[in-house]
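**Student:** Sending over a structure as structure tokens; questions will come in a sec.
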Amino acid sequence: MRFFFRRLRHACFLLFGVSILAFLFTTLAPGNYFDEMRLNPQIAPETMAALRAQYQLDRPLPVRYVSWMNSVLHGQMGFSFAYNSPVAPILFVRARNTLLLTITATLIAWGIALPLGVWSAERFGRLPDRLLSWATAALLVIPDLALALGLLVLTVRTGWFPTGSMTSLDFGSLSLGGKFRDLALHMTLPVAALVLSGLPLLIRHVRAAVAEVLDAPFMLAARGHGIPRRTLLYRYALRVAANPLISLFGFSIGALLSGSLLVEVVMSWPGLGPLLLESILSRDLYVVIDGVLFSTMFLVSGNLIADILLYWADPRIRTESAAR
């Protein structure tokens with residue numbers, strides 16, 4: 001618990017620093033939500049001054065930051081100018097959709113990368129390994145935007161999967177199984193784009209970590225004692241190679257999350273990506289700040305999960321933590 005709370009304290013300090021920087025940079029950016037209204041001759045200057053006072057845009061920056069932090073502690077997270085409501089209910093729905101996409105893509109990507117990476121490491125340097133390396137290299141050079149647009153064009157022309165939105169118009173009238181199928185069909189395209197963008201890097205890291213362990217002296221000795229190949233790979237080699245892979249797991253969540261924001265915009269998935277883009281264009285101040293804070297929270301949570309898994313997998317970390 002001491003290790004967990006120490007990591008949690010570091011995460012809270014990081015989130016606090018990100019909140020200050022996000023608030024500072026967003027607030028100091030030129031323009032605000034009411035700039036276009038100011039150009040309207042039918043809106044009196046007194047009305048504009050009243051609106052700025054109502055939303056505290058006329059107050060000093062430290063006062064506005066403290067007021068926003070107070071609303072965060074009370075669960076409101078500021079006020080959205082465009083939606084005319086607290087930011088929290090809007091953001092929670094979008095964050096749930098982004099999490100659904102990211103977690104699904106992470107599980108599928110790792111479920112494919114682990115067996116493929118181990119399989120490639122076992123055949124290191126041979127033709128199957130080289131073919132897989134060329135395939136992952138080809139996927140690595142394709143930008144995420146081009147990959148998402150290519151999948152979208154292919155789906156629009158073939159009609160294999162629905163495009164846009166998260167569910168069909170008649171989603172509410174479907175049975176439970178029908179709702180699950182409809183949601184799965186709508187998720188297929190964005191999840192495929194995320195998996196294909198993150199899979200090459202994961203396969204290469206798993207391959208490198210397992211190949212290094214397979215050449216270790218204790219593995220050669222175990223092979224000489226006649227231990228079955230599958231036991232060597234999945235019970236010993238993968239366990240010894242777990243540390244760098246667990247660390248990579250935390251970073252992969254952040255990478256897939258950042259990629260999901262782009263994929264959501266391209267494929268009209270109602271997550272944080274389209275909401276952040278709309279809010280940046282309309283200068284909806286608190287939605288942008290809270291969106292950045294939520295994205296950072298997801299990344300920090302992924303790294304915290306990786307730290308806990310490392311603590312569980314590596315006794316050296318437990319010994320070091322107990323000695324502090």
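Just remember, in the structure tokens the first chain shown is A, the second B, etc., residues are 1-based per chain, and ligands are 1-based in the order shown.
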Could you give me, as a list in words, the residues within 12 Å of Asn84 (chain A), counting only C-alpha atoms and dropping anything in the same chain fewer than 5 positions from it?
**Tutor:** Tyr55, Gly78, Phe79, Pro89, Ile90, Asp284, Tyr286 and Val287 of chain A
**Student:** Region 16-176 of chain A: which residues are alpha helix (DSSP H) by DSSP, as a PyMOL selection string?
**Tutor:** chain A and resi 16-28+35-38+45-54+61-73+87-122+127-140+144-158+176
**Student:** Based on the selection just made, write C-alpha atoms of those residues as a compact mmCIF listing (two decimals), in the first residue's frame.
**Tutor:**
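Output saved as result_12.txt:
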```
# COMPACT_ATOMS: atom_id res chain seq x y z
CA PHE A 16 -2.06 19.39 -10.66
CA GLY A 17 0.85 20.64 -12.81
CA VAL A 18 -0.99 19.76 -16.02
CA SER A 19 -4.09 21.60 -14.79
CA ILE A 20 -2.06 24.78 -14.20
CA LEU A 21 -0.34 24.63 -17.59
CA ALA A 22 -3.55 23.75 -19.47
CA PHE A 23 -5.44 26.59 -17.78
CA LEU A 24 -2.62 29.05 -18.38
CA PHE A 25 -2.01 28.24 -22.06
CA THR A 26 -5.71 27.99 -22.93
CA THR A 27 -6.61 31.21 -21.15
CA LEU A 28 -3.71 33.21 -22.60
CA ASP A 35 -15.38 37.52 -29.89
CA GLU A 36 -17.84 36.79 -32.69
CA MET A 37 -20.70 38.21 -30.64
CA ARG A 38 -18.74 41.43 -30.21
CA PRO A 45 -21.33 46.67 -25.40
CA GLU A 46 -23.11 46.62 -22.05
CA THR A 47 -24.48 43.15 -22.84
CA MET A 48 -20.99 41.92 -23.70
CA ALA A 49 -19.63 43.36 -20.45
CA ALA A 50 -22.43 41.65 -18.51
CA LEU A 51 -21.68 38.30 -20.17
CA ARG A 52 -17.97 38.59 -19.41
CA ALA A 53 -18.78 39.39 -15.80
CA GLN A 54 -21.27 36.51 -15.59
CA LEU A 61 -6.22 34.78 -13.92
CA PRO A 62 -5.42 33.39 -10.41
CA VAL A 63 -8.98 34.12 -9.24
CA ARG A 64 -10.42 32.32 -12.27
CA TYR A 65 -8.14 29.33 -11.70
CA VAL A 66 -9.18 29.04 -8.04
CA SER A 67 -12.85 29.35 -9.04
CA TRP A 68 -12.41 26.59 -11.65
CA MET A 69 -10.59 24.32 -9.18
CA ASN A 70 -13.41 24.85 -6.71
CA SER A 71 -15.92 23.75 -9.36
CA VAL A 72 -13.75 20.69 -10.12
CA LEU A 73 -13.80 19.71 -6.44
CA VAL A 87 -18.81 20.62 -18.23
CA ALA A 88 -18.82 17.41 -16.15
CA PRO A 89 -21.98 15.73 -17.54
CA ILE A 90 -20.90 16.47 -21.12
CA LEU A 91 -17.36 15.26 -20.56
CA PHE A 92 -18.24 12.09 -18.66
CA VAL A 93 -20.36 10.74 -21.53
CA ARG A 94 -17.66 11.48 -24.10
CA ALA A 95 -14.89 10.12 -21.85
CA ARG A 96 -16.86 6.88 -21.38
CA ASN A 97 -17.06 6.43 -25.15
CA THR A 98 -13.33 7.12 -25.56
CA LEU A 99 -12.47 4.68 -22.78
CA LEU A 100 -14.63 1.98 -24.38
CA LEU A 101 -12.76 2.42 -27.65
CA THR A 102 -9.29 2.63 -26.09
CA ILE A 103 -9.66 -0.31 -23.69
CA THR A 104 -11.10 -2.56 -26.40
CA ALA A 105 -8.29 -1.65 -28.82
CA THR A 106 -5.64 -2.16 -26.11
CA LEU A 107 -6.89 -5.63 -25.19
CA ILE A 108 -7.14 -6.74 -28.82
CA ALA A 109 -3.74 -5.28 -29.75
CA TRP A 110 -1.97 -7.01 -26.86
CA GLY A 111 -3.92 -10.23 -27.44
CA ILE A 112 -2.50 -10.30 -30.98
CA ALA A 113 0.97 -8.87 -30.23
CA LEU A 114 1.94 -11.33 -27.48
CA PRO A 115 1.53 -14.61 -29.43
CA LEU A 116 2.83 -13.06 -32.67
CA GLY A 117 5.86 -11.55 -30.92
CA VAL A 118 6.69 -14.83 -29.17
CA TRP A 119 6.18 -16.76 -32.42
CA SER A 120 8.50 -14.35 -34.25
CA ALA A 121 11.15 -14.47 -31.51
CA GLU A 122 11.19 -18.27 -31.65
CA LEU A 127 12.06 -16.29 -43.23
CA PRO A 128 8.79 -16.15 -41.21
CA ASP A 129 10.39 -13.69 -38.81
CA ARG A 130 11.66 -11.50 -41.66
CA LEU A 131 8.26 -11.51 -43.36
CA LEU A 132 6.57 -10.41 -40.16
CA SER A 133 9.22 -7.71 -39.64
CA TRP A 134 8.64 -6.35 -43.16
CA ALA A 135 4.88 -6.31 -42.57
CA THR A 136 5.21 -4.41 -39.28
CA ALA A 137 7.69 -1.99 -40.88
CA ALA A 138 5.19 -1.29 -43.66
CA LEU A 139 2.47 -0.54 -41.11
CA LEU A 140 4.79 1.69 -39.10
CA ASP A 144 -2.47 7.17 -38.46
CA LEU A 145 -4.55 9.67 -40.42
CA ALA A 146 -3.91 7.91 -43.73
CA LEU A 147 -4.70 4.53 -42.17
CA ALA A 148 -7.98 5.75 -40.69
CA LEU A 149 -9.02 7.48 -43.93
CA GLY A 150 -8.12 4.38 -45.97
CA LEU A 151 -10.26 2.13 -43.77
CA LEU A 152 -13.10 4.66 -43.91
CA VAL A 153 -13.01 4.85 -47.72
CA LEU A 154 -12.87 1.05 -47.99
CA THR A 155 -15.86 0.64 -45.68
CA VAL A 156 -17.91 3.33 -47.43
CA ARG A 157 -17.35 1.69 -50.81
CA THR A 158 -17.99 -1.87 -49.65
CA LEU A 176 -30.02 -6.84 -25.64
```
**Student:** Give me, please, the distance in Å between CA of Asn303 (chain A) and CA of Ala209 (chain A), quoted to one decimal.
**Tutor:**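 Distance reported for this atom pair: 19.5 Å.
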**Student:** Among region 39-207 of chain A, which ones does DSSP place in strand (DSSP E or B), written as a ChimeraX atom specification?
**Tutor:** /A:79-80,85-86
